[in-house]
Every structure is written in C-alpha cells, then in structure tokens.
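See below for upload_4.cif, which holds mmCIF, C-alpha atoms.
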data_work
#
loop_
_atom_site.label_atom_id
_atom_site.label_comp_id
_atom_site.auth_asym_id
_atom_site.auth_seq_id
_atom_site.Cartn_x
_atom_site.Cartn_y
_atom_site.Cartn_z
CA MET C 5 10.12 36.52 -3.66
CA THR C 6 7.04 35.07 -1.95
CA PHE C 7 6.37 32.84 -4.94
CA ILE C 8 9.93 31.47 -4.98
CA SER C 9 9.90 31.01 -1.21
CA ASN C 10 6.63 29.06 -1.42
CA LEU C 11 8.01 26.99 -4.28
CA ILE C 12 11.07 26.03 -2.24
CA SER C 13 8.90 25.19 0.78
CA GLY C 14 6.65 23.09 -1.44
CA ILE C 15 9.57 21.16 -2.93
CA SER C 16 10.98 20.58 0.58
CA LEU C 17 7.66 19.32 1.97
CA GLY C 18 7.07 17.31 -1.19
CA SER C 19 10.49 15.67 -0.82
CA VAL C 20 9.44 14.34 2.60
CA TYR C 21 6.21 13.02 1.06
CA ALA C 22 8.28 11.47 -1.72
CA ILE C 23 10.57 9.59 0.70
CA ILE C 24 7.53 8.23 2.56
CA ALA C 25 5.78 7.42 -0.74
CA LEU C 26 8.80 5.39 -1.85
CA GLY C 27 8.12 3.03 1.05
CA TYR C 28 4.47 2.68 0.03
CA THR C 29 5.27 2.18 -3.64
CA MET C 30 7.98 -0.44 -3.02
CA VAL C 31 5.73 -2.56 -0.82
CA TYR C 32 2.80 -2.28 -3.21
CA GLY C 33 4.95 -2.82 -6.30
CA ILE C 34 6.49 -6.02 -4.94
CA ALA C 35 4.05 -7.47 -2.38
CA LYS C 36 0.89 -6.02 -4.03
CA MET C 37 -0.44 -4.80 -0.67
CA LEU C 38 -1.01 -1.43 0.99
CA ASN C 39 0.83 -1.04 4.29
CA PHE C 40 -1.25 1.62 6.04
CA ALA C 41 0.90 1.19 9.16
CA HIS C 42 3.75 2.86 7.28
CA GLY C 43 2.83 6.30 8.63
CA ASP C 44 3.17 5.03 12.20
CA VAL C 45 6.60 3.58 11.48
CA ILE C 46 7.55 7.18 10.63
CA MET C 47 6.40 8.20 14.11
CA VAL C 48 8.40 5.40 15.77
CA GLY C 49 11.54 6.43 13.87
CA ALA C 50 11.12 10.05 14.97
CA TYR C 51 10.65 9.01 18.63
CA VAL C 52 13.71 6.72 18.56
CA ALA C 53 15.83 9.55 17.12
CA PHE C 54 14.40 11.98 19.69
CA CYS C 55 15.24 9.67 22.61
CA SER C 56 18.72 9.03 21.25
CA MET C 57 19.48 12.76 21.09
CA ALA C 58 17.53 14.02 24.13
CA TYR C 59 18.21 11.26 26.67
CA LEU C 60 21.41 9.59 25.44
CA ASN C 61 23.02 12.80 24.09
CA LEU C 62 24.07 11.05 20.90
CA PRO C 63 25.06 13.01 17.77
CA PRO C 64 22.26 13.48 15.21
CA ILE C 65 23.86 11.18 12.62
CA VAL C 66 24.14 8.36 15.18
CA ALA C 67 20.52 8.97 16.24
CA ILE C 68 19.38 8.69 12.62
CA VAL C 69 21.28 5.41 12.16
CA ILE C 70 19.73 4.00 15.36
CA ALA C 71 16.27 5.09 14.20
CA MET C 72 16.83 3.41 10.83
CA ILE C 73 17.95 0.17 12.50
CA ALA C 74 14.97 0.23 14.88
CA CYS C 75 12.48 0.85 12.07
CA THR C 76 14.11 -1.76 9.85
CA LEU C 77 13.66 -4.38 12.57
CA LEU C 78 10.12 -3.14 13.23
CA GLY C 79 9.26 -3.45 9.54
CA ILE C 80 10.57 -7.02 9.38
CA ILE C 81 8.63 -7.95 12.54
CA ILE C 82 5.39 -6.38 11.24
CA GLU C 83 5.73 -8.21 7.93
CA GLY C 84 6.54 -11.53 9.59
CA LEU C 85 3.85 -11.47 12.26
CA ALA C 86 1.00 -9.52 10.67
CA TYR C 87 1.27 -9.83 6.89
CA ARG C 88 3.09 -13.06 6.05
CA PRO C 89 0.31 -15.31 7.44
CA LEU C 90 -2.10 -13.45 5.13
CA ARG C 91 -0.06 -13.95 1.96
CA LYS C 92 -2.89 -15.91 0.31
CA ALA C 93 -5.72 -14.01 2.00
CA SER C 94 -7.98 -11.43 0.40
CA SER C 95 -6.85 -7.82 0.04
CA LEU C 96 -9.60 -6.76 2.46
CA ALA C 97 -8.16 -8.97 5.23
CA VAL C 98 -4.70 -7.47 4.66
CA LEU C 99 -6.13 -3.94 4.70
CA ILE C 100 -7.96 -4.51 8.01
CA THR C 101 -4.77 -6.00 9.49
CA ALA C 102 -2.75 -2.97 8.37
CA ILE C 103 -5.23 -0.63 10.06
CA GLY C 104 -5.02 -2.76 13.22
CA VAL C 105 -1.21 -2.58 13.21
CA SER C 106 -1.45 1.19 12.77
CA TYR C 107 -3.70 1.57 15.84
CA PHE C 108 -1.46 -0.78 17.82
CA LEU C 109 1.65 1.32 17.10
CA GLN C 110 -0.13 4.58 17.95
CA ASN C 111 -1.42 3.27 21.28
CA ALA C 112 1.92 1.65 22.12
CA ALA C 113 3.55 5.05 21.54
CA LEU C 114 0.99 6.65 23.86
CA LEU C 115 1.84 4.15 26.60
CA ILE C 116 5.61 4.53 26.17
CA TRP C 117 6.02 8.24 25.47
CA GLY C 118 2.68 9.73 26.57
CA SER C 119 0.51 12.24 24.75
CA THR C 120 2.52 15.33 25.75
CA PRO C 121 4.07 16.92 22.64
CA LYS C 122 7.86 16.68 22.46
CA THR C 123 10.03 19.40 20.96
CA PHE C 124 12.26 17.82 18.34
CA SER C 125 15.71 19.34 17.79
CA SER C 126 16.79 19.73 14.17
CA VAL C 127 19.39 17.22 12.99
CA VAL C 128 20.80 19.73 10.48
CA GLY C 129 23.98 21.30 11.75
CA PHE C 130 24.44 24.31 9.45
CA ASP C 131 22.68 27.65 9.06
CA SER C 132 20.07 28.67 6.53
CA ILE C 133 21.19 30.35 3.31
CA SER C 134 20.22 33.99 2.80
CA LEU C 135 19.99 35.32 -0.76
CA LEU C 136 19.14 38.68 -2.36
CA ASP C 137 20.00 40.69 0.76
CA GLY C 138 17.85 38.55 3.00
CA LYS C 139 14.74 38.66 0.78
CA LEU C 140 14.99 34.93 0.08
CA ILE C 141 15.94 32.48 2.83
CA ILE C 142 16.44 28.80 2.13
CA THR C 143 16.39 26.78 5.33
CA ALA C 144 19.05 24.17 5.97
CA GLU C 145 16.32 21.58 6.53
CA SER C 146 14.93 22.25 3.03
CA ILE C 147 18.34 21.77 1.43
CA VAL C 148 19.06 18.52 3.28
CA THR C 149 15.57 17.14 2.61
CA VAL C 150 15.73 17.74 -1.14
CA ILE C 151 19.25 16.31 -1.43
CA ALA C 152 18.28 13.26 0.65
CA CYS C 153 15.23 12.66 -1.57
CA ILE C 154 17.29 12.80 -4.77
CA ILE C 155 20.00 10.50 -3.40
CA ILE C 156 17.44 7.97 -2.12
CA MET C 157 15.51 7.95 -5.39
CA ILE C 158 18.66 7.42 -7.48
CA GLY C 159 19.97 4.81 -5.03
CA LEU C 160 16.70 2.82 -5.07
CA THR C 161 16.49 2.95 -8.86
CA LEU C 162 20.05 1.61 -9.22
CA PHE C 163 19.42 -0.97 -6.48
CA THR C 164 16.34 -2.43 -8.17
CA LYS C 165 17.94 -2.47 -11.63
CA LYS C 166 21.55 -3.46 -10.96
CA THR C 167 21.70 -5.68 -7.87
CA ARG C 168 20.79 -9.35 -7.55
CA ILE C 169 18.32 -8.62 -4.73
CA GLY C 170 16.76 -5.80 -6.73
CA LYS C 171 16.27 -8.05 -9.75
CA GLY C 172 14.71 -10.62 -7.42
CA MET C 173 12.30 -7.95 -6.19
CA ARG C 174 11.29 -7.14 -9.75
CA ALA C 175 10.76 -10.83 -10.48
CA VAL C 176 8.55 -11.25 -7.39
CA SER C 177 6.63 -8.16 -8.45
CA GLU C 178 5.90 -9.71 -11.85
CA ASP C 179 4.93 -13.21 -10.69
CA LYS C 180 5.51 -14.64 -7.21
CA ASP C 181 4.96 -18.26 -8.22
CA ALA C 182 7.26 -18.09 -11.23
CA ALA C 183 9.92 -16.31 -9.17
CA GLU C 184 9.76 -19.05 -6.54
CA LEU C 185 10.17 -21.72 -9.22
CA MET C 186 13.31 -19.89 -10.38
CA GLY C 187 14.83 -20.22 -6.90
CA ILE C 188 13.94 -16.80 -5.46
CA ASN C 189 12.90 -16.83 -1.81
CA VAL C 190 9.70 -14.80 -1.96
CA ASN C 191 9.31 -14.39 1.82
CA VAL C 192 12.87 -13.09 2.25
CA THR C 193 12.48 -10.75 -0.73
CA ILE C 194 9.29 -9.24 0.68
CA SER C 195 10.91 -8.91 4.13
CA ILE C 196 13.82 -7.01 2.57
CA THR C 197 11.31 -4.74 0.84
CA PHE C 198 9.61 -3.97 4.17
CA ALA C 199 13.02 -3.40 5.77
CA ILE C 200 14.04 -0.86 3.13
CA GLY C 201 10.67 0.91 3.23
CA SER C 202 10.78 1.13 7.05
CA ALA C 203 14.34 2.49 7.02
CA LEU C 204 13.17 5.20 4.62
CA ALA C 205 10.26 5.92 6.97
CA ALA C 206 12.76 6.59 9.78
CA ILE C 207 14.66 9.08 7.61
CA ALA C 208 11.40 10.76 6.61
CA GLY C 209 10.28 10.99 10.24
CA VAL C 210 13.51 12.68 11.32
CA LEU C 211 13.44 15.13 8.39
CA LEU C 212 9.76 15.90 8.96
CA CYS C 213 10.24 16.62 12.66
CA SER C 214 13.36 18.70 11.94
CA ALA C 215 11.25 21.00 9.76
CA TYR C 216 8.10 20.85 11.94
CA PRO C 217 9.53 20.20 15.44
CA ILE C 218 6.47 18.92 17.30
CA LEU C 219 6.42 15.18 18.00
CA ILE C 220 3.26 13.33 19.13
CA PRO C 221 2.07 9.71 18.67
CA THR C 222 -0.02 10.67 15.63
CA THR C 223 2.85 12.58 13.97
CA GLY C 224 3.01 10.23 10.97
CA SER C 225 -0.72 9.77 10.38
CA MET C 226 -1.54 12.71 8.11
CA PRO C 227 1.88 12.78 6.34
CA GLY C 228 1.45 9.05 5.79
CA ILE C 229 -1.97 9.51 4.18
CA LYS C 230 -0.67 12.35 2.00
CA ALA C 231 2.38 10.29 1.01
CA PHE C 232 0.09 7.43 0.00
CA THR C 233 -1.87 9.99 -2.04
CA ALA C 234 1.43 11.08 -3.61
CA ALA C 235 2.28 7.47 -4.49
CA VAL C 236 -1.10 7.03 -6.20
CA PHE C 237 -0.78 10.47 -7.80
CA GLY C 238 2.58 9.64 -9.38
CA GLY C 239 1.69 6.02 -10.19
CA ILE C 240 1.93 3.55 -7.33
CA GLY C 241 4.61 0.95 -7.98
CA SER C 242 6.82 3.48 -9.81
CA ILE C 243 9.85 4.88 -7.96
CA PRO C 244 10.16 8.02 -10.16
CA GLY C 245 6.37 8.35 -9.91
CA ALA C 246 6.53 8.40 -6.10
CA MET C 247 9.10 11.21 -6.20
CA LEU C 248 7.18 13.21 -8.81
CA GLY C 249 3.87 12.74 -7.00
CA GLY C 250 5.37 13.72 -3.64
CA ILE C 251 6.97 16.92 -4.90
CA LEU C 252 3.88 17.98 -6.86
CA LEU C 253 1.68 17.28 -3.86
CA GLY C 254 3.93 19.35 -1.59
CA ILE C 255 3.90 22.28 -4.02
CA ILE C 256 0.11 22.12 -4.40
CA GLU C 257 -0.35 22.03 -0.61
CA ILE C 258 1.93 25.00 0.11
CA PHE C 259 0.48 27.14 -2.70
CA SER C 260 -3.05 26.27 -1.59
CA LYS C 261 -2.26 27.42 1.93
CA SER C 262 -0.62 30.63 0.72
CA TYR C 263 -3.00 31.75 -2.00
CA ILE C 264 -6.35 30.08 -1.33
CA SER C 265 -7.07 28.86 2.22
CA THR C 266 -5.21 27.08 4.99
CA GLU C 267 -8.38 25.23 5.98
CA LEU C 268 -9.10 24.07 2.42
CA SER C 269 -5.55 23.06 1.46
CA ASP C 270 -6.03 19.36 2.28
CA ALA C 271 -9.33 19.28 0.38
CA ILE C 272 -7.65 20.85 -2.64
CA VAL C 273 -4.84 18.27 -2.53
CA PHE C 274 -7.28 15.35 -2.58
CA ALA C 275 -9.46 17.05 -5.20
CA VAL C 276 -6.44 17.30 -7.51
CA LEU C 277 -5.76 13.59 -6.91
CA ILE C 278 -9.34 12.70 -7.88
CA LEU C 279 -9.06 14.83 -11.02
CA VAL C 280 -5.79 13.17 -12.06
CA LEU C 281 -7.20 9.67 -11.48
CA LEU C 282 -10.29 10.49 -13.52
CA ILE C 283 -8.07 11.52 -16.43
CA LYS C 284 -5.29 8.94 -15.93
CA PRO C 285 -6.32 6.15 -13.52
CA THR C 286 -2.81 4.67 -13.33
CA GLY C 287 -1.29 7.94 -12.09
CA LEU C 288 1.12 10.28 -13.84
CA LEU C 289 3.89 7.73 -14.47
CA GLY C 290 1.93 4.52 -13.90
CA LYS C 291 1.60 1.98 -16.69
CA LYS C 292 -1.53 0.10 -17.62
CA ILE C 293 -0.95 -3.63 -17.26
CA THR C 294 -2.87 -6.01 -19.50
CA GLU C 295 -3.32 -9.41 -17.88
CA LYS C 296 -3.51 -12.34 -20.29
CA VAL C 297 -5.68 -15.30 -19.32
#

Kindly transcribe the structure held in the file into structure tokens.
Amino acid sequence: MTFISNLISGISLGSVYAIIALGYTMVYGIAKMLNFAHGDVIMVGAYVAFCSMAYLNLPPIVAIVIAMIACTLLGIIIEGLAYRPLRKASSLAVLITAIGVSYFLQNAALLIWGSTPKTFSSVVGFDSISLLDGKLIITAESIVTVIACIIIMIGLTLFTKKTRIGKGMRAVSEDKDAAELMGINVNVTISITFAIGSALAAIAGVLLCSAYPILIPTTGSMPGIKAFTAAVFGGIGSIPGAMLGGILLGIIEIFSKSYISTELSDAIVFAVLILVLLIKPTGLLGKKITEKV
C-alpha cells in the first residue's frame, strides 16, 4: 500500500507542477521568453485567496475566482511594463528583467503581508476517501488537483486548436512578423497568453497551499523552479509535454523522498532532467525545429 500511496501523492504533486508548467510553456511557446517571475505570481494568488477567505470570510470558490482575476491583471501589467519594451531586446536582457520582477514581487509581499508564515485553509470541502479498510487513503486535495490538471490541459489544448485567439497564438508562435502582416495584434496576443498563464498560476497556488498549508512570500519559488524543470523535461512549448513532465517530476520527487533520501530528492530530480536532456535535448515530447535560411 505504501507504493500506491506514494504514487498517488506523486501524481497529485506532479499535477500542481504541471499546472504551473503550463504557464511557463505557453509564454515560452508563444513569446519565446522565460518568465521566471511566474513562481511569484503563484505566491500572490495564494495570498489573495488567503486574504479573501481569512479576512473577508468569502467562500473558497469566490476566493479562487478573485485570486485568478488578481493574477490575470498582474500578469498583464508585468507583461506591459516589464517585458513589452524589451520585445526586440536580447534574451539576456529579458532574463535579467524577469529575475528583477521576481525579487520585486517577493519583497512587495514581505512589505504587505510580512514574513510570518500564514496557515492556509484547504479550499476542498469534502473528506478524504478511505479504501481497503483504511489501508489506502486518498486525500480530497489530491483528487481535486488531478481533476483540475486534466480539465485545464484539455481546455487549453482545445482553446489553442479551435478558437480564433488560440489560432492567433499559434501563428505568433511560428512567426511574429508574418502574423502581424496577416492582421494579428501580436502585443494583445502575448498579453492574453500572460493573462492565461497567470490565472493558472493562481489556481496552482491555491491547490499547492491547500495540500501544504504554510504560506510565506517565497512559497512559489521552489515549486516555480521545479515546474520550469517539468516544462523543459516534457518539452517546453508543448502543452501535453508540460503535463507529462510535471507528473513524472512529482512521482520522481515523492519516490526519491520515500525510498532514497529526503535531502537528496531535489538533486535526484535535477539529475534526471540532465540525463533526459543529454539523451533528448528537446524534452520528452518536444520537437526539433529546423530553421531554413
């Protein structure tokens, strides 16, 4: 039963990584940039949901919606103020800016909410499921997290393939200049991408803090880094790849903690990533793109 329990925990944790990784992979796939402030947007979403429930006594579903709206607006503001002026700049300039935005959000959170850890109440309103006479317990948070991950992945896939905006995103991803010549507003398309990714970050932050109910200003830092690792692992730019990479990463982390060492689990996760990239540099589901000149 320990093996199955660890597997379920790994899939649950990996589903959170997958939701975060979807934000990374959408921004990279369309804007061709790495938004390292994404992990801190997770933290902001969790704090907004916490304040909505703890101070305003709002129902969890309303708190989640408010957190999504707040993070959506934050994502649009970050893209407009920090990244849009650097559209033609080098990738190094964008990377340094992303790190600066990350530090800004962390220190702003310290000023607003302080460094004292907050206890986050679970947003899941039903009990855990007990199977095999109590030998196997599946937490309600695990069930909700996995279902949310599947729904989001399917929804994003359909959105990018079937809707007009989604097709515009794919066109911008292929060639920004050509897309603009065809009448697609590149700036608006990229802003929508940031908005969607930031809304997903809010959901991930709430689910993460429901399962691990300690909230501090650096809450999203390590999950954000691991989710980026998951996106690269699965093939950054691929929506199914982000989900696959996230779930595999979660399983590897939980099994490493259970059977090898808690202290070495992070090292093992990144070692597996390095091994995969040595064998398949584009990630598990990534495709090699040949650029014609």

On this file, the PyMOL selection byres ((chain C and resi 136-153) around 8) gives some set of residues; write that set as a list of chain:residue names.
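For this structure, the PyMOL selection byres ((chain C and resi 136-153) around 8) captures C:Met5, C:Ile8, C:Ser9, C:Ile12, C:Ser13, C:Ile15, C:Ser16, C:Leu17, C:Ser19, C:Val20, C:Ala22, C:Ile23, C:Ser126, C:Val128, C:Phe130, C:Asp131, C:Ser132, C:Ile133, C:Ser134, C:Leu135, C:Ile154, C:Ile155, C:Ile156, C:Met157, C:Leu211, C:Ser214, C:Ala215, C:Met247.
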
Between C:Met226, C:Ile73, C:Ala58, C:Leu219, smallest distance to Ala199 of chain C by all atoms listed in the file belongs to C:Ile73

Can you list what the PyMOL selection byres ((chain C and resi 103-111) around 10) grabs from this structure, as a PyMOL selection string?
chain C and resi 39-45+47-48+82+86-87+98-102+112-119+220-225

Quote the spacing between atom CA of Phe163 of chain C and atom CA of Ile34 of chain C in Å to one decimal place.
14.0 Å

For Asn10 of chain C, which residue out of C:Lys284, C:Arg168, C:Lys261, C:Lys36 is the nearest one, using all atoms listed in the file?
C:Lys261

What is the distance between atom CA of Thr193 of chain C and atom CA of Leu162 of chain C, in Å to one decimal?
16.8 Å

Once the PyMOL selection byres ((chain C and resi 196) around 10) is applied to the coordinates I shared, what remains selected? I want it as a PyMOL selection string.
chain C and resi 31+76+79-80+83+169-170+173+190-195+197-202

Distance criterion (all atoms listed in the file): nearest to Phe124 of chain C out of C:Gly239, C:Pro217, C:Gly250, C:Gly290
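Going through C:Gly239, C:Pro217, C:Gly250, C:Gly290 one by one, the smallest distance to Phe124 of chain C is for C:Pro217.
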
Compile the contact shell of segment 256-260 of chain C as a PyMOL selection string: residues with an atom at most 9 Å away, counting all atoms listed in the file, same-chain residues fewer than 6 positions apart removed.
chain C and resi 7+10-11+13-14+17-18+266+268-270+272-273+276

Could you jot down the atom CA of Arg91 of chain C to atom CA of Ile240 of chain C separation for me, Å, one decimal place?
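It comes out at 19.9 Å.
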
Any idea what's packed within 8 Å of Ile207 of chain C, counting all atoms listed in the file, ignoring anything in its chain fewer than 3 positions away? Could you give it as a PyMOL selection string?
chain C and resi 46+49+68+71-72+203-204+210-211

Test item: which residues lie within 7 Å of (15.5, -7.2, -14.3) counting all atoms listed in the file, as a PDB file with C-alpha atoms, in the frame of the given file:
ATOM      1  CA  LYS C 165      17.940  -2.470 -11.630  1.00  0.00           C
ATOM      2  CA  LYS C 171      16.270  -8.050  -9.750  1.00  0.00           C
ATOM      3  CA  ARG C 174      11.290  -7.140  -9.750  1.00  0.00           C
TER       4      ARG C 174
END

Residue among C:Leu281, C:Ile81, C:Ala35, C:Ala205 lying closest to Gly228 of chain C, counting all atoms listed in the file:
C:Ala205

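Among the candidates C:Ser95, C:Thr286, C:Ser177, C:Ser262, the residue lying nearest to Thr164 of chain C is C:Ser177 (atoms considered: only C-alpha atoms).
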